[in-house]
Each structure stands twice: as structure tokens, then as C-alpha cells.
file final-v1.txt (compact mmCIF, C-alpha atoms)
# COMPACT_ATOMS: atom_id res chain seq x y z
CA MET G 1 50.93 -4.34 28.15
CA ALA G 2 48.41 -1.51 28.20
CA ALA G 3 45.73 -3.99 27.13
CA PHE G 4 46.55 -6.26 30.06
CA SER G 5 46.29 -3.39 32.51
CA LEU G 6 42.94 -2.36 30.96
CA LEU G 7 41.72 -5.94 31.18
CA ARG G 8 42.84 -6.22 34.80
CA ALA G 9 40.99 -2.98 35.58
CA PHE G 10 37.90 -4.38 33.85
CA ALA G 11 38.17 -7.65 35.81
CA SER G 12 38.39 -5.76 39.09
CA LYS G 13 35.26 -3.75 38.24
CA VAL G 14 33.08 -6.76 37.39
CA ASN G 15 33.94 -8.76 40.51
CA LEU G 16 35.95 -11.46 38.76
CA PRO G 17 38.81 -13.23 40.49
CA LYS G 18 41.97 -11.18 40.36
CA ASN G 19 43.83 -13.87 38.49
CA ALA G 20 41.01 -14.56 35.96
CA ILE G 21 43.29 -13.79 33.05
CA ASN G 22 46.03 -16.02 34.35
CA GLN G 23 43.60 -18.90 35.10
CA GLY G 24 42.17 -18.82 31.56
CA ILE G 25 38.65 -17.70 32.44
CA LEU G 26 39.14 -14.61 30.28
CA VAL G 27 41.34 -14.89 27.22
CA LEU G 28 42.69 -12.10 25.04
CA ARG G 29 42.28 -12.84 21.34
CA SER G 30 43.10 -10.66 18.38
CA ASN G 31 40.38 -10.29 15.77
CA PRO G 32 40.89 -9.43 12.06
CA ASN G 33 40.89 -5.70 12.84
CA ASN G 34 43.99 -6.15 15.05
CA ALA G 35 42.06 -5.16 18.16
CA LEU G 36 42.15 -7.19 21.32
CA GLN G 37 38.87 -8.93 22.16
CA VAL G 38 37.80 -10.45 25.45
CA VAL G 39 36.39 -13.94 24.96
CA ARG G 40 34.72 -15.94 27.70
CA GLN G 41 36.23 -19.42 27.72
CA MET G 42 34.20 -22.26 29.18
CA SER G 43 35.46 -25.71 30.04
CA GLU G 44 37.05 -27.85 27.31
CA HIS G 45 38.36 -24.71 25.61
CA ARG G 46 35.06 -23.94 23.86
CA THR G 47 34.46 -20.27 23.31
CA MET G 48 31.23 -18.34 22.98
CA HIS G 49 31.52 -15.12 21.05
CA ILE G 50 28.85 -12.63 22.04
CA LYS G 51 27.36 -10.99 18.95
CA PRO G 52 24.01 -9.51 17.90
CA SER G 53 21.22 -11.84 16.89
CA ARG G 54 20.82 -12.65 13.17
CA TRP G 55 17.27 -13.99 13.58
CA SER G 56 15.57 -11.07 11.79
CA TRP G 57 18.04 -11.19 8.90
CA ASN G 58 17.67 -14.98 8.52
CA ARG G 59 13.87 -14.74 8.64
CA PHE G 60 13.90 -12.00 5.99
CA LYS G 61 16.15 -14.10 3.74
CA ASP G 62 13.91 -17.14 4.20
CA PHE G 63 10.77 -15.22 3.26
CA MET G 64 12.50 -13.52 0.32
CA HIS G 65 13.75 -16.82 -1.09
CA PHE G 66 10.37 -18.47 -0.52
CA TYR G 67 8.32 -15.80 -2.30
CA ILE G 68 10.83 -15.35 -5.12
CA MET G 69 10.85 -19.08 -5.74
CA LEU G 70 7.07 -19.21 -5.39
CA GLY G 71 6.78 -16.84 -8.34
CA ALA G 72 10.03 -17.44 -10.23
CA ILE G 73 9.84 -21.20 -10.70
CA PRO G 74 6.28 -21.32 -12.14
CA ALA G 75 6.98 -18.25 -14.28
CA ALA G 76 10.14 -19.86 -15.66
CA PHE G 77 8.20 -23.04 -16.53
CA VAL G 78 5.42 -21.09 -18.26
CA ILE G 79 7.84 -18.91 -20.23
CA THR G 80 9.92 -21.93 -21.29
CA TYR G 81 6.82 -23.89 -22.34
CA VAL G 82 5.45 -20.95 -24.36
CA ASN G 83 8.74 -20.23 -26.10
CA VAL G 84 9.55 -23.88 -26.89
CA PHE G 85 6.16 -25.33 -27.84
CA ILE G 86 4.07 -22.35 -29.02
CA GLY G 87 6.53 -19.74 -30.24
CA PRO G 88 5.86 -16.37 -31.85
CA ALA G 89 2.96 -15.81 -34.23
CA ARG G 90 3.41 -15.92 -38.01
CA LEU G 91 1.92 -13.43 -40.42
CA ALA G 92 -0.99 -14.73 -42.47
CA GLU G 93 -3.73 -13.36 -44.66
CA ILE G 94 -6.82 -12.06 -42.87
CA PRO G 95 -9.93 -13.95 -44.05
CA GLU G 96 -12.78 -12.07 -45.74
CA GLY G 97 -15.20 -10.45 -43.32
CA TYR G 98 -13.01 -11.08 -40.23
CA VAL G 99 -12.06 -8.07 -38.12
CA PRO G 100 -9.04 -8.83 -35.89
CA GLU G 101 -9.16 -7.70 -32.28
CA ALA G 102 -6.51 -5.39 -30.82
CA HIS G 103 -4.67 -8.13 -28.91
CA GLU G 104 -4.20 -10.26 -32.05
CA TYR G 105 -1.63 -7.85 -33.48
CA PHE G 106 1.03 -8.76 -30.89
CA PRO G 107 3.52 -11.45 -32.04
CA HIS G 108 4.37 -13.16 -28.73
CA PRO G 109 1.72 -15.34 -26.98
CA ILE G 110 2.43 -13.97 -23.49
CA THR G 111 2.12 -10.40 -24.75
CA ARG G 112 -1.13 -11.31 -26.50
CA TRP G 113 -2.51 -12.85 -23.32
CA LEU G 114 -1.54 -9.78 -21.27
CA ALA G 115 -3.08 -7.45 -23.87
CA LYS G 116 -6.30 -9.47 -23.89
CA HIS G 117 -6.80 -10.16 -20.18
CA VAL G 118 -4.81 -7.57 -18.22
CA HIS G 119 -4.41 -4.35 -20.19
CA LYS G 120 -7.20 -2.27 -21.67
CA SER G 121 -7.37 -1.90 -25.43
CA TYR G 122 -6.97 1.48 -27.13
CA GLN G 123 -10.70 1.57 -27.85
CA GLN G 124 -11.56 0.95 -24.18
CA GLU G 125 -9.13 3.67 -23.08
CA TYR G 126 -10.66 6.09 -25.60
CA GLU G 127 -14.22 5.33 -24.50
CA ILE G 128 -13.30 5.67 -20.81
CA MET G 129 -11.73 9.07 -21.54
CA CYS G 130 -14.78 10.19 -23.55
CA HIS G 131 -17.07 9.18 -20.68
CA HIS G 132 -14.90 11.10 -18.21
CA ILE G 133 -15.06 14.21 -20.42
CA TYR G 134 -18.85 13.84 -20.72
CA GLU G 135 -19.25 13.57 -16.92
CA VAL G 136 -17.07 16.65 -16.31
CA GLU G 137 -18.99 18.71 -18.89
CA TYR G 138 -22.32 17.59 -17.40
CA GLU G 139 -21.21 18.68 -13.90
CA GLN G 140 -20.09 22.05 -15.31
CA LYS G 141 -23.48 22.57 -16.97
CA LEU G 142 -25.27 21.69 -13.71
CA ARG G 143 -23.14 24.20 -11.78
CA GLN G 144 -23.84 26.92 -14.37
CA ALA G 145 -27.58 26.25 -14.22
CA GLU G 146 -27.51 26.32 -10.41
CA LYS G 147 -25.60 29.60 -10.48
CA ARG G 148 -28.17 31.16 -12.87
CA ILE G 149 -31.04 29.97 -10.67
CA LYS G 150 -29.44 31.48 -7.57
CA GLN G 151 -28.90 34.79 -9.40
CA LYS G 152 -32.58 34.92 -10.46
CA MET G 153 -33.73 34.10 -6.95
CA GLU G 154 -31.55 36.92 -5.55
CA GLU G 155 -32.99 39.34 -8.10
CA LYS G 156 -36.69 38.53 -7.57
CA GLN G 157 -36.66 37.36 -3.93
CA ASP G 158 -40.18 36.00 -4.23
CA THR G 159 -39.64 32.25 -4.53
CA GLN G 160 -39.28 29.50 -1.97
CA ALA G 161 -35.72 28.19 -2.28
CA TYR G 162 -32.26 28.58 -0.77
CA TYR G 163 -33.05 31.81 1.08
CA TYR G 164 -36.26 30.51 2.63
CA GLN G 165 -36.29 27.91 5.36
CA PRO G 166 -39.76 26.29 5.38
CA VAL G 167 -41.18 25.57 8.82
CA SER G 168 -43.48 22.66 9.33
CA SER G 169 -46.49 23.48 11.54
CA ARG G 170 -47.05 19.82 12.22
CA HIS G 171 -45.74 19.91 15.81
CA GLU G 172 -46.13 23.65 16.37
CA ARG G 173 -49.26 23.31 18.54
CA SER G 174 -47.68 20.72 20.88
CA ILE G 175 -44.48 22.77 21.20
CA ARG G 176 -46.54 25.87 22.09
CA ASP G 177 -48.59 23.93 24.65
CA ASN G 178 -45.41 22.50 26.26
CA ALA G 179 -43.88 25.98 26.48
CA GLN G 180 -47.09 27.32 28.08
CA THR G 181 -47.15 24.55 30.71
CA ASP G 182 -43.46 25.18 31.50
CA LEU G 183 -44.21 28.86 32.07
CA GLU G 184 -47.15 28.04 34.32
CA MET G 185 -45.11 25.57 36.39
CA SER G 186 -42.20 27.94 36.82
CA GLY G 187 -44.55 30.62 38.11
CA SER G 188 -43.35 33.44 35.91
CA ASN G 189 -45.37 35.12 33.19

call {"tool": "encode", "arguments": {"input": "final-v1.txt", "output": "C-alpha cells"}}
result
Amino acid sequence: MAAFSLLRAFASKVNLPKNAINQGILVLRSNPNNALQVVRQMSEHRTMHIKPSRWSWNRFKDFMHFYIMLGAIPAAFVITYVNVFIGPARLAEIPEGYVPEAHEYFPHPITRWLAKHVHKSYQQEYEIMCHHIYEVEYEQKLRQAEKRIKQKMEEKQDTQAYYYQPVSSRHERSIRDNAQTDLEMSGSN
């Protein structure tokens, strides 16, 4: 009965007819949580439950299924084809004078392909690291040489370098003439 009085109070606040509940415009329904729910009932006893939109969730699911299937179906076909028709590699004698490459030691064809085309071999990784070490050492040697040069220049103070800003006299005459004409026009000496 408390729910009916609450519903009547709600109906009076929203300018509905006073007998809206009795006429069937508003209907009290119980939902699974045993709470009373107000449902707007249109003609022919059809009901429209007001709930949040599921458009974003449905769009996300559509995109997720599309992109998973875009990658999963071709990958499944490739993996099945490789496992059924090619299969793992078999051990065999290495011919005279032939040096196998790093990717040829892997037994599975997909792993071999990844090792050959995607991942770097151990030799490439080693050479990249050696080059990085060489570059770092070279930069350190350059910094040490620059530091020694600066120290010598501070000691002797007789060379043109970091502590001397050279001035070009190329435009000095025109700058002096412009300054002189400005002084003459201003009238002060």
C-alpha cells in the first residue's frame, strides 16, 4: 500500500490524471529484484521499458568480432595447412661445405619463418650491440678530447676559441654611419 501512495504522489507531481493508475496508463510491475517498477503502458497492452542505450556496447562487440575473425580465420587456415601438409622438419646430414643459417635450426616451419623474416638472428643482435658500444666509446673519447682542449685554452688564454667571440667588420662601417646619422637627426651629440 505504501507503493501505491508513493505512486499516487509521483502521479500528482508530474501532472498526470489522478486516476492514471486505475485507468491503466501507469502499471506497477515487480521486477526480478522484488522492487516495484513503473511501466508506461501504451495502447494494445504493449509496454516500453526505459533503459540505457546499448549502442556503444553492441558496436564494440561488432568491431571485436570483426577484427578477431579477420585475423583468427586466416591464421587458423595457415596453421592447419602448415601442420597437415608440411609438418615439422626432420634431422638430416649437413652436406659438405654447407653452412646452415640460424633460422634453419628450428623444427617447425612457422617458427623458422618467424626467425628468418621477423626476428633478428643472434649474430645480428651481437653486431648491433657491438656497434652501439663503439658509438658510445667514440662519444666518450670526443668529450674527453673537448675537455682537454678547453683546459688548455683556459691555461694559455691566447687562442681564438670558445672564450673569444669573433666580430665581423663586414657591416661595421654601415652600422657606424647609420648611428652617426641618427645622432645628427636627433640633435644631440

call {"tool": "atom_distance", "arguments": {"input": "final-v1.txt", "atom1": "atom CA of G:Gly87", "atom2": "atom CA of G:His103"}}
result
16.2 Å

call {"tool": "atom_distance", "arguments": {"input": "final-v1.txt", "atom1": "atom CA of G:Ser121", "atom2": "atom CA of G:Glu104"}}
result
11.1 Å

call {"tool": "axis_aligned_box", "arguments": {"input": "final-v1.txt", "around": "stretch 148-156 of chain G", "padding_each_side": "6 Å", "output": "AutoDock Vina command-line options"}}
result
--center_x -32.4 --center_y 34.7 --center_z -9.2 --size_x 20.5 --size_y 21.4 --size_z 19.3

call {"tool": "atom_distance", "arguments": {"input": "final-v1.txt", "atom1": "atom CA of G:His65", "atom2": "atom CA of G:Pro52"}}
result
22.8 Å

call {"tool": "residues_around", "arguments": {"input": "final-v1.txt", "residues": "stretch 90-93 of chain G", "least_positions_apart": "2", "cutoff": "9 Å", "atoms": "all atoms listed in the file", "output": "PDB file with C-alpha atoms, keeping the file's coordinate frame"}}
result
ATOM      1  CA  PRO G  88       5.860 -16.370 -31.850  1.00  0.00           C
ATOM      2  CA  PRO G  95      -9.930 -13.950 -44.050  1.00  0.00           C
ATOM      3  CA  PRO G 107       3.520 -11.450 -32.040  1.00  0.00           C
TER       4      PRO G 107
END

call {"tool": "residues_near_point", "arguments": {"input": "final-v1.txt", "point": "(6.6, -16.1, -30.9)", "cutoff": "12 Å", "atoms": "only C-alpha atoms", "output": "ChimeraX atom specification"}}
result
/G:79-91,105-112

call {"tool": "write_last_selection", "arguments": {"input": "final-v1.txt", "atoms": "C-alpha atoms", "output": "PDB file, in the coordinates of the input"}}
result
ATOM      1  CA  ILE G  79       7.840 -18.910 -20.230  1.00  0.00           C
ATOM      2  CA  THR G  80       9.920 -21.930 -21.290  1.00  0.00           C
ATOM      3  CA  TYR G  81       6.820 -23.890 -22.340  1.00  0.00           C
ATOM      4  CA  VAL G  82       5.450 -20.950 -24.360  1.00  0.00           C
ATOM      5  CA  ASN G  83       8.740 -20.230 -26.100  1.00  0.00           C
ATOM      6  CA  VAL G  84       9.550 -23.880 -26.890  1.00  0.00           C
ATOM      7  CA  PHE G  85       6.160 -25.330 -27.840  1.00  0.00           C
ATOM      8  CA  ILE G  86       4.070 -22.350 -29.020  1.00  0.00           C
ATOM      9  CA  GLY G  87       6.530 -19.740 -30.240  1.00  0.00           C
ATOM     10  CA  PRO G  88       5.860 -16.370 -31.850  1.00  0.00           C
ATOM     11  CA  ALA G  89       2.960 -15.810 -34.230  1.00  0.00           C
ATOM     12  CA  ARG G  90       3.410 -15.920 -38.010  1.00  0.00           C
ATOM     13  CA  LEU G  91       1.920 -13.430 -40.420  1.00  0.00           C
ATOM     14  CA  TYR G 105      -1.630  -7.850 -33.480  1.00  0.00           C
ATOM     15  CA  PHE G 106       1.030  -8.760 -30.890  1.00  0.00           C
ATOM     16  CA  PRO G 107       3.520 -11.450 -32.040  1.00  0.00           C
ATOM     17  CA  HIS G 108       4.370 -13.160 -28.730  1.00  0.00           C
ATOM     18  CA  PRO G 109       1.720 -15.340 -26.980  1.00  0.00           C
ATOM     19  CA  ILE G 110       2.430 -13.970 -23.490  1.00  0.00           C
ATOM     20  CA  THR G 111       2.120 -10.400 -24.750  1.00  0.00           C
ATOM     21  CA  ARG G 112      -1.130 -11.310 -26.500  1.00  0.00           C
TER      22      ARG G 112
END

call {"tool": "closest_residue", "arguments": {"input": "final-v1.txt", "among": "G:Met185, G:Ala115, G:Leu142, G:Ala76", "to": "G:Glu101", "atoms": "all atoms listed in the file"}}
result
G:Ala115

call {"tool": "decode", "arguments": {"input": "final-v1.txt", "residues": "stretch 43-71 of chain G", "atoms": "N, CA, C and O atoms", "output": "mmCIF file, in the first residue's frame"}}
result
data_model
loop_
_atom_site.group_PDB
_atom_site.id
_atom_site.type_symbol
_atom_site.label_atom_id
_atom_site.label_comp_id
_atom_site.auth_asym_id
_atom_site.auth_seq_id
_atom_site.Cartn_x
_atom_site.Cartn_y
_atom_site.Cartn_z
ATOM 1 N N SER G 43 -1.291 1.763 -25.907
ATOM 2 C CA SER G 43 -2.484 1.030 -26.318
ATOM 3 C C SER G 43 -2.104 -0.401 -26.668
ATOM 4 O O SER G 43 -0.950 -0.709 -26.936
ATOM 5 N N GLU G 44 -3.040 -1.274 -26.716
ATOM 6 C CA GLU G 44 -2.886 -2.698 -27.025
ATOM 7 C C GLU G 44 -1.971 -3.418 -26.044
ATOM 8 O O GLU G 44 -1.360 -4.414 -26.363
ATOM 9 N N HIS G 45 -1.824 -2.893 -24.870
ATOM 10 C CA HIS G 45 -1.066 -3.517 -23.787
ATOM 11 C C HIS G 45 0.399 -3.747 -24.121
ATOM 12 O O HIS G 45 1.016 -4.661 -23.611
ATOM 13 N N ARG G 46 0.974 -2.958 -25.040
ATOM 14 C CA ARG G 46 2.409 -3.035 -25.288
ATOM 15 C C ARG G 46 3.117 -2.155 -24.277
ATOM 16 O O ARG G 46 2.636 -1.070 -23.957
ATOM 17 N N THR G 47 4.241 -2.608 -23.805
ATOM 18 C CA THR G 47 4.973 -1.820 -22.810
ATOM 19 C C THR G 47 6.333 -1.418 -23.366
ATOM 20 O O THR G 47 6.925 -2.133 -24.172
ATOM 21 N N MET G 48 6.806 -0.278 -22.949
ATOM 22 C CA MET G 48 8.127 0.189 -23.339
ATOM 23 C C MET G 48 8.934 0.416 -22.074
ATOM 24 O O MET G 48 8.639 1.318 -21.294
ATOM 25 N N HIS G 49 9.902 -0.440 -21.853
ATOM 26 C CA HIS G 49 10.748 -0.294 -20.679
ATOM 27 C C HIS G 49 11.851 0.695 -21.003
ATOM 28 O O HIS G 49 12.566 0.550 -21.993
ATOM 29 N N ILE G 50 12.008 1.690 -20.182
ATOM 30 C CA ILE G 50 13.043 2.702 -20.395
ATOM 31 C C ILE G 50 14.331 2.177 -19.775
ATOM 32 O O ILE G 50 14.376 1.865 -18.586
ATOM 33 N N LYS G 51 15.369 2.074 -20.594
ATOM 34 C CA LYS G 51 16.662 1.576 -20.112
ATOM 35 C C LYS G 51 17.764 2.272 -20.885
ATOM 36 O O LYS G 51 17.514 2.856 -21.950
ATOM 37 N N PRO G 52 18.992 2.227 -20.389
ATOM 38 C CA PRO G 52 20.098 2.901 -21.079
ATOM 39 C C PRO G 52 20.369 2.261 -22.436
ATOM 40 O O PRO G 52 20.101 1.080 -22.656
ATOM 41 N N SER G 53 20.947 3.053 -23.313
ATOM 42 C CA SER G 53 21.246 2.580 -24.660
ATOM 43 C C SER G 53 22.372 1.540 -24.624
ATOM 44 O O SER G 53 23.322 1.654 -23.854
ATOM 45 N N ARG G 54 22.280 0.542 -25.474
ATOM 46 C CA ARG G 54 23.331 -0.480 -25.597
ATOM 47 C C ARG G 54 24.076 -0.317 -26.912
ATOM 48 O O ARG G 54 24.770 -1.223 -27.361
ATOM 49 N N TRP G 55 23.964 0.839 -27.558
ATOM 50 C CA TRP G 55 24.585 1.059 -28.865
ATOM 51 C C TRP G 55 26.102 0.946 -28.792
ATOM 52 O O TRP G 55 26.726 0.277 -29.617
ATOM 53 N N SER G 56 26.722 1.573 -27.805
ATOM 54 C CA SER G 56 28.190 1.532 -27.686
ATOM 55 C C SER G 56 28.666 0.099 -27.456
ATOM 56 O O SER G 56 29.663 -0.339 -28.042
ATOM 57 N N TRP G 57 27.975 -0.622 -26.571
ATOM 58 C CA TRP G 57 28.373 -1.996 -26.283
ATOM 59 C C TRP G 57 28.227 -2.876 -27.522
ATOM 60 O O TRP G 57 29.101 -3.662 -27.845
ATOM 61 N N ASN G 58 27.121 -2.724 -28.250
ATOM 62 C CA ASN G 58 26.909 -3.521 -29.467
ATOM 63 C C ASN G 58 27.937 -3.185 -30.539
ATOM 64 O O ASN G 58 28.440 -4.063 -31.237
ATOM 65 N N ARG G 59 28.273 -1.913 -30.677
ATOM 66 C CA ARG G 59 29.284 -1.508 -31.657
ATOM 67 C C ARG G 59 30.642 -2.088 -31.296
ATOM 68 O O ARG G 59 31.370 -2.574 -32.157
ATOM 69 N N PHE G 60 31.002 -2.028 -30.007
ATOM 70 C CA PHE G 60 32.266 -2.606 -29.551
ATOM 71 C C PHE G 60 32.315 -4.105 -29.844
ATOM 72 O O PHE G 60 33.315 -4.624 -30.353
ATOM 73 N N LYS G 61 31.227 -4.819 -29.544
ATOM 74 C CA LYS G 61 31.190 -6.253 -29.817
ATOM 75 C C LYS G 61 31.318 -6.545 -31.303
ATOM 76 O O LYS G 61 32.013 -7.484 -31.702
ATOM 77 N N ASP G 62 30.647 -5.737 -32.136
ATOM 78 C CA ASP G 62 30.738 -5.942 -33.580
ATOM 79 C C ASP G 62 32.171 -5.767 -34.075
ATOM 80 O O ASP G 62 32.681 -6.592 -34.835
ATOM 81 N N PHE G 63 32.826 -4.692 -33.648
ATOM 82 C CA PHE G 63 34.210 -4.465 -34.068
ATOM 83 C C PHE G 63 35.133 -5.558 -33.553
ATOM 84 O O PHE G 63 36.027 -6.021 -34.260
ATOM 85 N N MET G 64 34.938 -5.974 -32.287
ATOM 86 C CA MET G 64 35.795 -7.004 -31.705
ATOM 87 C C MET G 64 35.639 -8.310 -32.484
ATOM 88 O O MET G 64 36.637 -8.927 -32.869
ATOM 89 N N HIS G 65 34.427 -8.710 -32.754
ATOM 90 C CA HIS G 65 34.217 -9.942 -33.517
ATOM 91 C C HIS G 65 34.791 -9.827 -34.925
ATOM 92 O O HIS G 65 35.405 -10.767 -35.432
ATOM 93 N N PHE G 66 34.605 -8.664 -35.558
ATOM 94 C CA PHE G 66 35.105 -8.478 -36.919
ATOM 95 C C PHE G 66 36.621 -8.616 -36.968
ATOM 96 O O PHE G 66 37.162 -9.358 -37.787
ATOM 97 N N TYR G 67 37.329 -7.906 -36.082
ATOM 98 C CA TYR G 67 38.794 -7.920 -36.152
ATOM 99 C C TYR G 67 39.379 -9.236 -35.655
ATOM 100 O O TYR G 67 40.418 -9.674 -36.149
ATOM 101 N N ILE G 68 38.716 -9.875 -34.694
ATOM 102 C CA ILE G 68 39.197 -11.197 -34.271
ATOM 103 C C ILE G 68 39.036 -12.190 -35.410
ATOM 104 O O ILE G 68 39.939 -12.964 -35.723
ATOM 105 N N MET G 69 37.893 -12.158 -36.063
ATOM 106 C CA MET G 69 37.678 -13.078 -37.176
ATOM 107 C C MET G 69 38.545 -12.717 -38.378
ATOM 108 O O MET G 69 38.943 -13.591 -39.140
ATOM 109 N N LEU G 70 38.841 -11.445 -38.548
ATOM 110 C CA LEU G 70 39.709 -11.028 -39.645
ATOM 111 C C LEU G 70 41.105 -11.619 -39.498
ATOM 112 O O LEU G 70 41.747 -11.960 -40.481
ATOM 113 N N GLY G 71 41.564 -11.767 -38.253
ATOM 114 C CA GLY G 71 42.875 -12.357 -38.030
ATOM 115 C C GLY G 71 42.825 -13.831 -37.692
ATOM 116 O O GLY G 71 43.721 -14.589 -38.054
#
